[in-house]
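Chemist: So here's entry_27.csv (CSV, C-alpha atoms).
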chain,number,residue,atom,x,y,z
A,756,MET,CA,4.9,-4.0,-16.5
A,757,PRO,CA,6.0,-0.6,-15.4
A,758,HIS,CA,4.1,2.6,-16.1
A,759,CYS,CA,5.2,6.1,-17.1
A,760,THR,CA,5.8,8.3,-14.1
A,761,LYS,CA,4.1,11.2,-15.8
A,762,CYS,CA,1.1,10.0,-17.9
A,763,GLY,CA,0.6,6.4,-16.5
A,764,ALA,CA,1.0,4.7,-19.9
A,765,ALA,CA,2.6,1.2,-19.9
A,766,VAL,CA,6.3,1.3,-20.9
A,767,ALA,CA,8.6,-1.6,-21.6
A,768,ASP,CA,11.4,-2.6,-19.1
A,769,GLY,CA,14.6,-0.7,-19.5
A,770,THR,CA,12.9,2.1,-21.6
A,771,ALA,CA,14.5,5.5,-21.1
A,772,PHE,CA,11.6,7.5,-22.4
A,773,CYS,CA,7.8,7.0,-22.5
A,774,GLY,CA,6.4,6.3,-25.9
A,775,SER,CA,3.2,8.3,-25.2
A,776,CYS,CA,4.4,11.5,-23.7
A,777,GLY,CA,8.2,11.3,-24.0
A,778,ALA,CA,8.9,11.8,-20.3
A,779,PRO,CA,12.3,10.3,-19.0
A,780,GLN,CA,11.8,7.2,-17.0
A,781,GLY,CA,15.0,7.2,-14.9
A,782,THR,CA,16.3,3.9,-16.0
A,783,VAL,CA,19.4,3.7,-18.2
A,784,SER,CA,20.6,0.5,-19.7
A,785,GLY,CA,24.2,-0.1,-20.8
A,786,SER,CA,26.0,2.5,-18.7
A,787,GLY,CA,29.4,1.3,-19.8
A,788,SER,CA,30.8,0.4,-16.4
A,789,GLY,CA,30.6,-3.2,-15.0
A,790,ALA,CA,28.3,-2.2,-12.1
A,791,ALA,CA,24.6,-1.9,-12.8
A,792,ALA,CA,23.0,1.3,-11.6
A,793,PRO,CA,20.2,0.8,-9.1
A,794,ALA,CA,16.8,1.0,-10.8
A,795,ALA,CA,14.6,3.9,-9.7
A,796,PRO,CA,11.0,3.0,-8.9
A,797,ALA,CA,8.6,3.8,-11.7
A,798,GLN,CA,6.4,5.8,-9.4
A,799,ALA,CA,7.6,7.1,-6.0
A,800,GLY,CA,5.1,6.8,-3.2
A,801,LEU,CA,2.1,4.4,-3.0
A,802,THR,CA,1.9,1.1,-4.7
A,803,GLU,CA,-1.0,0.5,-7.0
A,804,ASN,CA,-2.9,-1.7,-4.6
A,805,ALA,CA,-2.5,0.7,-1.6
A,806,ALA,CA,-3.6,3.6,-3.8
A,807,GLY,CA,-6.5,1.6,-5.1
A,808,ALA,CA,-7.6,0.8,-1.5
A,809,LEU,CA,-7.3,4.4,-0.5
A,810,CYS,CA,-9.7,5.4,-3.3
A,811,TYR,CA,-12.4,4.0,-1.0
A,812,ALA,CA,-11.1,5.4,2.4
A,813,LEU,CA,-13.4,8.4,2.6
A,814,GLY,CA,-15.9,7.3,0.0
A,815,TRP,CA,-16.4,9.4,-3.1
A,816,ILE,CA,-14.1,12.2,-1.8
A,817,THR,CA,-10.9,10.1,-1.9
A,818,GLY,CA,-12.2,8.6,-5.2
A,819,LEU,CA,-12.3,12.1,-6.7
A,820,ILE,CA,-8.9,13.0,-5.3
A,821,PHE,CA,-7.2,9.9,-6.7
A,822,PHE,CA,-9.1,10.2,-10.1
A,823,PHE,CA,-7.4,13.6,-10.6
A,824,ILE,CA,-3.9,12.9,-9.2
A,825,ASP,CA,-3.1,9.4,-10.2
A,826,ARG,CA,-2.9,8.2,-13.9
A,827,ARG,CA,-2.4,4.5,-13.4
A,828,PRO,CA,-5.2,2.5,-14.9
A,829,TYR,CA,-5.7,0.3,-11.9
A,830,VAL,CA,-6.0,3.2,-9.5
A,831,ARG,CA,-8.3,5.2,-11.9
A,832,PHE,CA,-10.6,2.1,-12.1
A,833,HIS,CA,-11.1,2.1,-8.3
A,834,ALA,CA,-11.3,5.9,-8.2
A,835,ARG,CA,-14.1,5.9,-10.8
A,836,GLN,CA,-16.0,3.1,-9.0
A,837,SER,CA,-15.6,4.8,-5.7
A,838,ILE,CA,-17.1,8.0,-7.0
A,839,VAL,CA,-20.1,6.3,-8.5
A,840,VAL,CA,-20.8,3.8,-5.7
A,841,PHE,CA,-20.4,6.1,-2.7
A,842,GLY,CA,-21.5,9.2,-4.5
A,843,GLY,CA,-24.7,7.4,-5.5
A,844,LEU,CA,-25.3,6.1,-2.0
A,845,HIS,CA,-24.7,9.5,-0.6
A,846,ILE,CA,-27.2,11.1,-2.9
A,847,LEU,CA,-29.7,8.3,-2.2
A,848,GLU,CA,-29.4,8.8,1.6
A,849,PHE,CA,-29.8,12.6,1.1
A,850,ALA,CA,-32.9,12.2,-1.0
A,851,LEU,CA,-34.3,9.7,1.5
A,852,GLY,CA,-33.7,12.2,4.2
A,853,ILE,CA,-35.7,14.8,2.3
A,854,VAL,CA,-38.6,12.5,1.5
A,855,PHE,CA,-38.9,11.2,5.1
A,856,GLY,CA,-38.1,14.5,6.8
A,857,PHE,CA,-34.8,13.5,8.4
A,858,SER,CA,-32.5,16.3,9.5
A,859,VAL,CA,-28.8,16.3,9.5
A,860,PHE,CA,-29.0,17.3,13.2
A,861,GLY,CA,-31.1,14.3,14.3
A,862,GLY,CA,-34.6,15.8,14.1
A,863,PHE,CA,-37.5,14.6,12.0
A,864,SER,CA,-40.9,15.8,10.9
A,865,GLY,CA,-43.8,13.9,9.6
A,866,ASN,CA,-45.7,11.0,11.0
A,867,LEU,CA,-44.3,8.1,13.0
A,868,VAL,CA,-45.1,5.5,10.3
A,869,GLY,CA,-43.1,7.3,7.7
A,870,PHE,CA,-40.3,7.8,10.1
A,871,GLY,CA,-40.1,4.1,10.9
A,872,LEU,CA,-40.1,3.1,7.3
A,873,GLY,CA,-37.6,5.8,6.4
A,874,THR,CA,-35.4,4.8,9.2
A,875,ALA,CA,-35.4,1.1,8.1
A,876,ILE,CA,-34.6,2.0,4.5
A,877,TYR,CA,-31.9,4.5,5.6
A,878,MET,CA,-30.3,1.9,7.9
A,879,LEU,CA,-30.4,-0.7,5.1
A,880,ILE,CA,-28.6,1.7,2.8
A,881,SER,CA,-26.1,2.6,5.5
A,882,LEU,CA,-25.3,-1.1,6.1
A,883,THR,CA,-24.9,-1.7,2.4
A,884,ALA,CA,-22.5,1.2,2.2
A,885,PHE,CA,-20.5,-0.1,5.1
A,886,VAL,CA,-20.2,-3.6,3.7
A,887,LEU,CA,-19.3,-2.3,0.3
A,888,TRP,CA,-16.7,0.0,1.8
A,889,ILE,CA,-14.9,-2.8,3.6
A,890,LEU,CA,-15.2,-5.3,0.7
A,891,LEU,CA,-14.0,-2.8,-1.9
A,892,MET,CA,-11.0,-1.7,0.1
A,893,ILE,CA,-9.9,-5.3,0.8
A,894,LYS,CA,-10.3,-6.3,-2.9
A,895,ALA,CA,-8.4,-3.3,-4.1
A,896,TYR,CA,-5.6,-3.9,-1.7
A,897,GLN,CA,-5.4,-7.6,-2.8
A,898,GLY,CA,-4.9,-6.3,-6.4
A,899,GLN,CA,-8.3,-7.4,-7.7
A,900,ARG,CA,-10.6,-5.3,-10.0
A,901,PHE,CA,-13.8,-6.3,-8.2
A,902,ARG,CA,-16.7,-4.7,-10.2
A,903,VAL,CA,-19.8,-3.7,-8.4
A,904,PRO,CA,-22.4,-4.9,-10.9
A,905,VAL,CA,-24.4,-1.8,-11.8
A,906,ALA,CA,-22.0,0.9,-10.5
A,907,ALA,CA,-18.9,-0.3,-12.5
A,908,ASN,CA,-20.9,-0.1,-15.8
A,909,ILE,CA,-22.2,3.4,-14.9
A,910,ALA,CA,-18.6,4.5,-14.0
A,911,ASP,CA,-17.4,3.1,-17.4
A,912,SER,CA,-20.1,5.0,-19.3
A,913,ILE,CA,-19.5,8.3,-17.4
A,914,PHE,CA,-15.7,8.4,-17.2
A,915,GLY,CA,-14.8,6.1,-20.1
A,916,LYS,CA,-12.9,2.9,-19.7
A,917,ASP,CA,-9.1,2.9,-19.1
A,918,GLN,CA,-6.9,0.5,-20.9
A,919,GLY,CA,-5.0,-1.9,-18.8
Re-express the file's structure as structure tokens.
Modeler:
Amino acid sequence: MPHCTKCGAAVADGTAFCGSCGAPQGTVSGSGSGAAAPAAPAQAGLTENAAGALCYALGWITGLIFFFIDRRPYVRFHARQSIVVFGGLHILEFALGIVFGFSVFGGFSGNLVGFGLGTAIYMLISLTAFVLWILLMIKAYQGQRFRVPVAANIADSIFGKDQG
């Protein structure tokens, strides 16, 4: 089903104007001549699955960008989930760095035991983030709304749940 080019609401095929916002949709039915006019795409640019995959490309940053620029429900789902998943992991890594004395520039302070434990936890979080990054981009590009168990529910409660 096509979506409005302005607000992202679902519109019926052949509809000239959006029922939600009234924006023209660029398709005219019954032009009077025997030749059919070529149909304009509902949204110029990225397809939904490509935009959904790009929501994860740079973690929470691209999720935030797509959340504000794209109104399609499928893309907004992935943008919200990207913000929560990778934003949460980023905050967790930052807090871990503070607790165990990691520095952004590679230095550390504290004892060697704390450093070893902190490094192990940090590497586990980084590996989890990498695996989720690949998995979520692939699933989004395949057109699936793969929900990360805890993060998707948090995203729904923070940003609200889009219809679609």
Chemist: Please list as a list in words every residue within 7 Å of A:Gln780, counting all atoms listed in the file and excluding residues in the same chain fewer than 6 positions away.
Modeler: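 Everything that qualifies: Cys759, Thr760, Thr770, Ala771, Phe772 and Cys773 of chain A.
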Chemist: So which residues touch stretch 805-813 of chain A within 10 Å, counting only C-alpha atoms, skipping near sequence neighbours fewer than 4 positions away, as a PyMOL selection string?
Modeler: chain A and resi 800-801+817-822+825+827-838+840-841+887-900
Chemist: Give the answer as one residue: which of A:Asn908, A:Thr802, A:Ser775, A:Thr883 has the shortest atom-to-atom distance to A:His845, using all atoms listed in the file?
Modeler: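 Checking each candidate against A:His845, we get A:Thr883 as the closest.
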Chemist: Figure out the distance between atom CA of A:Val839 and atom CA of A:Val905, please, to one decimal in Å.
Modeler: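 Atom-to-atom, atom CA of A:Val905 and atom CA of A:Val839 are spaced 9.7 Å apart.
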Chemist: Would you compute the distance between atom CA of A:Phe855 and atom CA of A:Ile816? Give it in Å to one decimal.
Modeler: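 Distance between the two atoms: 25.8 Å.
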Chemist: Nearest residue to A:Lys761 out of A:Ile824, A:Trp815, A:Ala906, A:Ile853, using only C-alpha atoms?
Modeler: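 Of all the options, A:Ile824 lies closest to A:Lys761.
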Chemist: Quick one, how far is atom CA of A:Ile846 from atom CA of A:Thr874?
Modeler: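 Taking atom CA of A:Ile846 and atom CA of A:Thr874, their separation equals 15.9 Å.
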